[in-house]
Every structure is written in structure tokens, then in C-alpha cells.
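Remarks on the structure that follows.
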Amino acid sequence: MPGVKYRDVPSDDASEDAGVDNVVATQPLELEAAHVRRNNAELLWLRIMVASACFFALLLAAVWFGVHDGKEESAASHASLPEEAKKEGNEMGDGAAASRSLPQEIFCYGDSLTYGISCPGREAHPYAVYLEQELNNLYASDPAGPPAVQIQHMGTPGITASYLESHLDDARLGACPIISRIPTLSLMIILIGTNDLGQPADDGKDVAKSIFGSIMNLHGGVLSCLEGAGNGNLHTLAIGIPGSAYQNRVKVAADHAAFINDALEAFAADYPGHKVSYLDFPFDYESGDPKWCVDGLHLTEEGYKELARSLAPNVKAILDKIER
């Protein structure tokens, strides 16, 4: 038997470091004690090795069964899909599927009617909030399944089309910074022009043509911003200038609004790629109508909700045509 290495254990060493069998530890360690301890240690080591081997065997078995069951479950899940769905998924690829799952992004842009100013003393009621609800309801009932619709908005009371057209890059109010912050934007809805009708004009200036030119250039500028951001498939929607008590009192203002709306409709119809759409404001102004505030200019909460309900089917039709 090879030589046994051991160390002397002083009589006061009763710690665990003294050895497994050194419980009393009152005498110096002798060779026989060391030999017994060595045999015990070898037996302990053998037990540890056997236990470890069993443990690793069980671990490997658990891993193998887990992977095997996972493959079977995955295969079963795929097998349970309709054949058309499996075929569509394979043809679309991961990128197309991810694109379809992204929300449709809309931005409503304009003046106080977009802000949602209501009757004096009442809270704002942006039609964008109600339009989002209406669109999501429409998509929920569509057999093709709903791409979630998300709508943001910015309306500036008193703003004119001429101002927005000449401030496309304005950090606070401009359309281009807004677009750059929403790279997935599908549609910008622009409701503007009411305040332009009340602006004083120079003598001899064709007011209606000037206002139409500002709105037309605003849409063109917005589309340029979109294309500059790498979103060439994005569209705009022009909402016609609504009626008002002012137009009922001032015939020339009503005539200007009618000319501008007709010109916007023709502009949208001829725009390359049909990237601009036009919709008339969905209801006329009538004194005493509960959809209109007493100021004859802004809408009540009911009016903003009706605006959203009327726009929703047409907006959905536009979204459905936009390539994603």
C-alpha cells in the first residue's frame, strides 16, 4: 500500500477541518486512524460519484423528453391550423406577417375643429378619439381580422392653411416633424380652411384661389415629407370646409368655401397615384341643430361624434387600399 499522508491534529482541534472522523480529537492522529479515515473518504467519494452519475442521467433524460414533447406539440399545433392559414403563413413570410400585425397609424391635423373646441365652458372633444373607436369597431367585424388603428391628432385654434403651408418644418406646429416621429404613418387627415375665410384680403386678390392654393400646397408638402421619411405609400385625406353661421350671413364666404371644396375634390381626383382623397364635410350647418354650438362655428360633443361616425367607413376604405 502506498504511503499514507496525514497531519497531526492537536488535542484542542475539534473543528470540521480536522477531518470527518475526528469527533473527539483528543490524541495526535496515528497512522491507523489515518488509514481508517482514508477508507471512509474513499467510500464517501464513491457514493458521491454514483449519486452524481444518477443525477446527470436523470437530467439528460428530462432534457430529451422536454425537447421531444416540444417538437410534438409544435407539430400538433401546426397540424391543427386550417390548410389555408398554413399556406398563407408560408407564402407571406415573417416580414409580411409582422407588417400586417402592425397598427394602422393615422394623424388628424388642422384647426380648432381638429382640436375639438366645443361650446363655451365645455371640455374639448377631438373627433380623432371617436374616429379611432369607430374604425376599430369596423375592423373588429371584418372577416379579414382587425389591424389595430391608432390615431393621434393636433389642432391649433385660429390656425390657417396659409400658415401651415408656409411652416411645414416648424418644430412646434409643422407637419414634417410630426411625420418624422411616426415612421409607420398611413394617413394624415387634414381639416383646415375655416379661419382662412375670415382673413382680410388685399384688393383684387382672388381669395378663394389663394386659400385653395394653400391647402393644395399643404397636402403636397405633407406627401413630400412622407416620401422624405421613406414612406412613399402614405396618403392624405382632405375634408371639405364645413358650413357655419358666418357663411350663412356672408354669401361671398359661402361662395368661396364652395369653390375651394370643388377645387379640392378635383385636385384629389387627379393627384398621381391617388395619394390624396377628398370628402365633403358630412353635414351642413343649421341654426338650432344639436350638433352645432351656439357660436355657429364649432361642434358639440354630439357633433364631433357624428363627424367621426360619418368619416369612419370612408377612412377604412382608404386604409384598405394602402399597401402595407
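Residue names in the C-alpha cells use chain letters A, B, ... in the order shown, residue numbers from 1 in each chain, and ligand numbers from 1 in the order shown.
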Ala124 (chain A) environment, 12 Å, only C-alpha atoms, sequence neighbours closer than 3 positions dropped, as an MDAnalysis selection string: chainID A and resid 112:121 127:129 155 157 298:304
Do you know which residues are at most 12 Å from Phe283 (chain A) counting only C-alpha atoms, after dropping those on the same chain fewer than 4 positions away, and could you put them as an mmCIF file with N, CA, C and O atoms, in the first residue's frame?
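The result, written out as part-v9.cif:
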data_model
loop_
_atom_site.group_PDB
_atom_site.id
_atom_site.type_symbol
_atom_site.label_atom_id
_atom_site.label_comp_id
_atom_site.auth_asym_id
_atom_site.auth_seq_id
_atom_site.Cartn_x
_atom_site.Cartn_y
_atom_site.Cartn_z
ATOM 1 N N ILE A 239 -60.611 67.091 -45.896
ATOM 2 C CA ILE A 239 -62.017 67.243 -45.514
ATOM 3 C C ILE A 239 -62.465 68.640 -45.945
ATOM 4 O O ILE A 239 -61.786 69.633 -45.672
ATOM 5 N N GLY A 240 -63.597 68.715 -46.611
ATOM 6 C CA GLY A 240 -64.087 69.998 -47.099
ATOM 7 C C GLY A 240 -64.360 70.983 -45.973
ATOM 8 O O GLY A 240 -64.655 70.605 -44.837
ATOM 9 N N ILE A 241 -64.264 72.264 -46.300
ATOM 10 C CA ILE A 241 -64.555 73.310 -45.318
ATOM 11 C C ILE A 241 -66.036 73.223 -44.943
ATOM 12 O O ILE A 241 -66.905 73.226 -45.814
ATOM 13 N N PRO A 242 -66.342 73.120 -43.655
ATOM 14 C CA PRO A 242 -67.752 72.991 -43.260
ATOM 15 C C PRO A 242 -68.492 74.328 -43.335
ATOM 16 O O PRO A 242 -67.881 75.399 -43.427
ATOM 17 N N GLY A 243 -69.815 74.232 -43.287
ATOM 18 C CA GLY A 243 -70.614 75.441 -43.219
ATOM 19 C C GLY A 243 -70.492 76.095 -41.857
ATOM 20 O O GLY A 243 -69.856 75.575 -40.934
ATOM 21 N N SER A 244 -71.124 77.258 -41.708
ATOM 22 C CA SER A 244 -71.062 77.997 -40.447
ATOM 23 C C SER A 244 -72.109 79.101 -40.466
ATOM 24 O O SER A 244 -72.663 79.450 -41.525
ATOM 25 N N LEU A 279 -63.192 64.274 -49.066
ATOM 26 C CA LEU A 279 -64.536 64.014 -48.574
ATOM 27 C C LEU A 279 -65.187 65.338 -48.194
ATOM 28 O O LEU A 279 -64.563 66.178 -47.528
ATOM 29 N N ASP A 289 -79.426 73.220 -34.584
ATOM 30 C CA ASP A 289 -79.057 71.800 -34.699
ATOM 31 C C ASP A 289 -78.199 71.425 -33.493
ATOM 32 O O ASP A 289 -77.199 72.105 -33.201
ATOM 33 N N LYS A 291 -75.994 69.398 -33.121
ATOM 34 C CA LYS A 291 -74.606 69.047 -33.458
ATOM 35 C C LYS A 291 -73.705 70.284 -33.480
ATOM 36 O O LYS A 291 -72.480 70.152 -33.523
ATOM 37 N N TRP A 292 -74.313 71.482 -33.480
ATOM 38 C CA TRP A 292 -73.535 72.711 -33.580
ATOM 39 C C TRP A 292 -73.651 73.529 -32.294
ATOM 40 O O TRP A 292 -74.716 73.594 -31.685
ATOM 41 N N LEU A 299 -68.436 72.463 -33.023
ATOM 42 C CA LEU A 299 -69.384 71.369 -32.834
ATOM 43 C C LEU A 299 -69.574 71.061 -31.350
ATOM 44 O O LEU A 299 -68.704 71.337 -30.523
ATOM 45 N N GLY A 303 -71.874 66.491 -32.111
ATOM 46 C CA GLY A 303 -71.419 66.808 -33.464
ATOM 47 C C GLY A 303 -70.093 66.153 -33.809
ATOM 48 O O GLY A 303 -69.914 65.626 -34.921
ATOM 49 N N TYR A 304 -69.140 66.177 -32.875
ATOM 50 C CA TYR A 304 -67.841 65.544 -33.131
ATOM 51 C C TYR A 304 -67.980 64.027 -33.263
ATOM 52 O O TYR A 304 -67.302 63.390 -34.075
ATOM 53 N N GLU A 306 -70.678 62.507 -34.392
ATOM 54 C CA GLU A 306 -71.307 62.266 -35.687
ATOM 55 C C GLU A 306 -70.300 62.440 -36.821
ATOM 56 O O GLU A 306 -70.332 61.697 -37.815
ATOM 57 N N LEU A 307 -69.398 63.403 -36.689
ATOM 58 C CA LEU A 307 -68.338 63.578 -37.678
ATOM 59 C C LEU A 307 -67.509 62.305 -37.784
ATOM 60 O O LEU A 307 -67.213 61.823 -38.889
ATOM 61 N N ALA A 308 -67.132 61.733 -36.649
ATOM 62 C CA ALA A 308 -66.334 60.507 -36.646
ATOM 63 C C ALA A 308 -67.100 59.338 -37.253
ATOM 64 O O ALA A 308 -66.549 58.561 -38.048
ATOM 65 N N ARG A 309 -68.375 59.200 -36.871
ATOM 66 C CA ARG A 309 -69.189 58.094 -37.420
ATOM 67 C C ARG A 309 -69.312 58.198 -38.935
ATOM 68 O O ARG A 309 -69.273 57.186 -39.649
ATOM 69 N N SER A 310 -69.464 59.410 -39.436
ATOM 70 C CA SER A 310 -69.628 59.605 -40.876
ATOM 71 C C SER A 310 -68.328 59.361 -41.636
ATOM 72 O O SER A 310 -68.346 58.841 -42.762
ATOM 73 N N LEU A 311 -67.202 59.723 -41.037
ATOM 74 C CA LEU A 311 -65.916 59.563 -41.708
ATOM 75 C C LEU A 311 -65.423 58.119 -41.707
ATOM 76 O O LEU A 311 -64.739 57.688 -42.646
#
Set the distance at 12 Å and use only C-alpha atoms: which residues neighbour Lys275 (chain A) once local chain neighbours fewer than 4 positions away are removed? I'd like the list as a PDB file with N, CA and C atoms, in the first residue's frame.
ATOM      1  N   SER A 186     -49.865  55.945 -41.870  1.00  0.00           N
ATOM      2  CA  SER A 186     -50.556  55.521 -43.082  1.00  0.00           C
ATOM      3  C   SER A 186     -51.339  56.658 -43.725  1.00  0.00           C
ATOM      4  N   LEU A 187     -51.921  57.526 -42.896  1.00  0.00           N
ATOM      5  CA  LEU A 187     -52.829  58.539 -43.429  1.00  0.00           C
ATOM      6  C   LEU A 187     -52.800  59.777 -42.553  1.00  0.00           C
ATOM      7  N   MET A 188     -52.752  60.954 -43.201  1.00  0.00           N
ATOM      8  CA  MET A 188     -52.921  62.215 -42.486  1.00  0.00           C
ATOM      9  C   MET A 188     -54.217  62.854 -42.969  1.00  0.00           C
ATOM     10  N   ILE A 189     -55.124  63.101 -42.032  1.00  0.00           N
ATOM     11  CA  ILE A 189     -56.408  63.732 -42.334  1.00  0.00           C
ATOM     12  C   ILE A 189     -56.291  65.213 -42.021  1.00  0.00           C
ATOM     13  N   HIS A 219     -51.058  69.774 -48.725  1.00  0.00           N
ATOM     14  CA  HIS A 219     -51.108  68.332 -48.992  1.00  0.00           C
ATOM     15  C   HIS A 219     -49.862  67.881 -49.762  1.00  0.00           C
ATOM     16  N   GLY A 220     -49.476  68.663 -50.749  1.00  0.00           N
ATOM     17  CA  GLY A 220     -48.270  68.303 -51.500  1.00  0.00           C
ATOM     18  C   GLY A 220     -47.041  68.295 -50.620  1.00  0.00           C
ATOM     19  N   VAL A 222     -46.973  67.804 -47.347  1.00  0.00           N
ATOM     20  CA  VAL A 222     -47.067  66.666 -46.426  1.00  0.00           C
ATOM     21  C   VAL A 222     -46.590  65.394 -47.115  1.00  0.00           C
ATOM     22  N   LEU A 223     -47.034  65.174 -48.354  1.00  0.00           N
ATOM     23  CA  LEU A 223     -46.613  63.981 -49.080  1.00  0.00           C
ATOM     24  C   LEU A 223     -45.113  63.992 -49.357  1.00  0.00           C
ATOM     25  N   SER A 224     -44.557  65.168 -49.571  1.00  0.00           N
ATOM     26  CA  SER A 224     -43.103  65.258 -49.742  1.00  0.00           C
ATOM     27  C   SER A 224     -42.390  64.880 -48.453  1.00  0.00           C
ATOM     28  N   LEU A 226     -43.548  62.812 -46.204  1.00  0.00           N
ATOM     29  CA  LEU A 226     -43.713  61.373 -46.060  1.00  0.00           C
ATOM     30  C   LEU A 226     -42.704  60.618 -46.898  1.00  0.00           C
ATOM     31  N   GLU A 227     -42.543  61.045 -48.149  1.00  0.00           N
ATOM     32  CA  GLU A 227     -41.606  60.368 -49.036  1.00  0.00           C
ATOM     33  C   GLU A 227     -40.173  60.577 -48.566  1.00  0.00           C
ATOM     34  N   ASN A 231     -41.558  56.791 -46.589  1.00  0.00           N
ATOM     35  CA  ASN A 231     -42.886  56.182 -46.572  1.00  0.00           C
ATOM     36  C   ASN A 231     -43.670  56.621 -47.803  1.00  0.00           C
ATOM     37  N   GLY A 232     -43.268  56.118 -48.971  1.00  0.00           N
ATOM     38  CA  GLY A 232     -43.870  56.559 -50.218  1.00  0.00           C
ATOM     39  C   GLY A 232     -45.291  56.107 -50.431  1.00  0.00           C
ATOM     40  N   ASN A 233     -45.802  55.175 -49.626  1.00  0.00           N
ATOM     41  CA  ASN A 233     -47.159  54.674 -49.808  1.00  0.00           C
ATOM     42  C   ASN A 233     -48.185  55.408 -48.958  1.00  0.00           C
ATOM     43  N   LEU A 234     -47.781  56.428 -48.235  1.00  0.00           N
ATOM     44  CA  LEU A 234     -48.690  57.117 -47.327  1.00  0.00           C
ATOM     45  C   LEU A 234     -49.580  58.114 -48.077  1.00  0.00           C
ATOM     46  N   HIS A 235     -50.742  58.388 -47.507  1.00  0.00           N
ATOM     47  CA  HIS A 235     -51.769  59.178 -48.167  1.00  0.00           C
ATOM     48  C   HIS A 235     -52.249  60.324 -47.279  1.00  0.00           C
ATOM     49  N   THR A 236     -52.955  61.263 -47.913  1.00  0.00           N
ATOM     50  CA  THR A 236     -53.622  62.330 -47.164  1.00  0.00           C
ATOM     51  C   THR A 236     -55.102  62.332 -47.531  1.00  0.00           C
ATOM     52  N   LEU A 237     -55.910  62.850 -46.619  1.00  0.00           N
ATOM     53  CA  LEU A 237     -57.342  62.998 -46.844  1.00  0.00           C
ATOM     54  C   LEU A 237     -57.725  64.439 -46.542  1.00  0.00           C
ATOM     55  N   ALA A 238     -58.299  65.119 -47.537  1.00  0.00           N
ATOM     56  CA  ALA A 238     -58.772  66.492 -47.358  1.00  0.00           C
ATOM     57  C   ALA A 238     -60.253  66.465 -47.021  1.00  0.00           C
ATOM     58  N   PHE A 267     -58.671  68.285 -57.400  1.00  0.00           N
ATOM     59  CA  PHE A 267     -57.246  68.099 -57.115  1.00  0.00           C
ATOM     60  C   PHE A 267     -56.969  66.672 -56.646  1.00  0.00           C
ATOM     61  N   ALA A 268     -57.805  66.178 -55.746  1.00  0.00           N
ATOM     62  CA  ALA A 268     -57.606  64.826 -55.226  1.00  0.00           C
ATOM     63  C   ALA A 268     -57.813  63.781 -56.320  1.00  0.00           C
ATOM     64  N   ALA A 269     -58.816  63.989 -57.162  1.00  0.00           N
ATOM     65  CA  ALA A 269     -59.109  63.014 -58.216  1.00  0.00           C
ATOM     66  C   ALA A 269     -57.967  62.892 -59.208  1.00  0.00           C
ATOM     67  N   ASP A 270     -57.236  63.995 -59.430  1.00  0.00           N
ATOM     68  CA  ASP A 270     -56.159  63.993 -60.425  1.00  0.00           C
ATOM     69  C   ASP A 270     -54.778  63.770 -59.833  1.00  0.00           C
ATOM     70  N   TYR A 271     -54.685  63.615 -58.515  1.00  0.00           N
ATOM     71  CA  TYR A 271     -53.354  63.508 -57.904  1.00  0.00           C
ATOM     72  C   TYR A 271     -52.709  62.172 -58.292  1.00  0.00           C
ATOM     73  N   ILE A 318     -60.166  53.886 -47.525  1.00  0.00           N
ATOM     74  CA  ILE A 318     -58.851  54.412 -47.931  1.00  0.00           C
ATOM     75  C   ILE A 318     -57.740  53.544 -47.350  1.00  0.00           C
ATOM     76  N   LEU A 319     -57.833  53.220 -46.071  1.00  0.00           N
ATOM     77  CA  LEU A 319     -56.789  52.387 -45.431  1.00  0.00           C
ATOM     78  C   LEU A 319     -56.662  51.036 -46.114  1.00  0.00           C
ATOM     79  N   LYS A 321     -56.958  50.272 -49.091  1.00  0.00           N
ATOM     80  CA  LYS A 321     -56.296  50.360 -50.401  1.00  0.00           C
ATOM     81  C   LYS A 321     -54.806  50.670 -50.292  1.00  0.00           C
ATOM     82  N   ILE A 322     -54.374  51.072 -49.100  1.00  0.00           N
ATOM     83  CA  ILE A 322     -52.979  51.455 -48.937  1.00  0.00           C
ATOM     84  C   ILE A 322     -52.129  50.204 -48.754  1.00  0.00           C
ATOM     85  N   GLU A 323     -51.110  50.056 -49.586  1.00  0.00           N
ATOM     86  CA  GLU A 323     -50.212  48.907 -49.494  1.00  0.00           C
ATOM     87  C   GLU A 323     -49.410  49.005 -48.224  1.00  0.00           C
TER      88      GLU A 323
END
Contacts of Ala148 (chain A) within 8 Å, only C-alpha atoms, excl. fewer than 5 positions in-chain, as number ranges by chain: A: 101-104, 136, 139
Point-to-point distance from CA of Ile211 (chain A) to CA of Ala253 (chain A), Å rounded to tenths: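 Value for the CA of Ile211 (chain A)-CA of Ala253 (chain A) distance: 11.6 Å.
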A:Cys176, A:Ser287, A:Ala208, A:Gly198 ranked by distance to Asp262 (chain A), top pick (using only C-alpha atoms):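 Of A:Cys176, A:Ser287, A:Ala208, A:Gly198, the one nearest Asp262 (chain A) is A:Ala208, counting only C-alpha atoms.
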Which of region 115-269 of chain A DSSP labels alpha helix (DSSP H), written as a PyMOL selection string: chain A and resi 115+127-140+161-166+175-181+194-197+207-228+245-249+251-269
Would you pick out the contacts of region 166-168 of chain A at 10 Å or less, using only C-alpha atoms, so that residues sharing its chain but fewer than 4 positions from it are not included, and give the list as a PDB file with C-alpha atoms, in the first residue's frame?
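Okay, result_6.pdb is ready:
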ATOM      1  CA  ALA A 161     -53.935  76.791 -44.142  1.00  0.00           C
ATOM      2  CA  SER A 162     -51.617  79.525 -45.392  1.00  0.00           C
ATOM      3  CA  ARG A 172     -43.897  73.091 -32.898  1.00  0.00           C
ATOM      4  CA  LEU A 173     -46.678  73.099 -35.496  1.00  0.00           C
ATOM      5  CA  GLY A 174     -45.166  71.835 -38.741  1.00  0.00           C
ATOM      6  CA  ALA A 175     -46.308  68.637 -40.447  1.00  0.00           C
ATOM      7  CA  CYS A 176     -42.849  67.327 -41.332  1.00  0.00           C
ATOM      8  CA  PRO A 177     -41.583  66.987 -37.727  1.00  0.00           C
ATOM      9  CA  ILE A 178     -44.810  65.180 -36.852  1.00  0.00           C
ATOM     10  CA  SER A 214     -52.541  76.962 -49.626  1.00  0.00           C
ATOM     11  CA  ASN A 217     -49.651  73.003 -51.302  1.00  0.00           C
ATOM     12  CA  LEU A 218     -50.092  71.769 -47.732  1.00  0.00           C
ATOM     13  CA  GLY A 221     -45.812  69.340 -48.812  1.00  0.00           C
ATOM     14  CA  VAL A 222     -47.067  66.666 -46.426  1.00  0.00           C
ATOM     15  CA  CYS A 225     -42.377  64.930 -46.031  1.00  0.00           C
TER      16      CYS A 225
END
DSSP strand (DSSP E) residues within region 212-248 of chain A, listed as a VMD selection string: chain A and resid 235 to 239
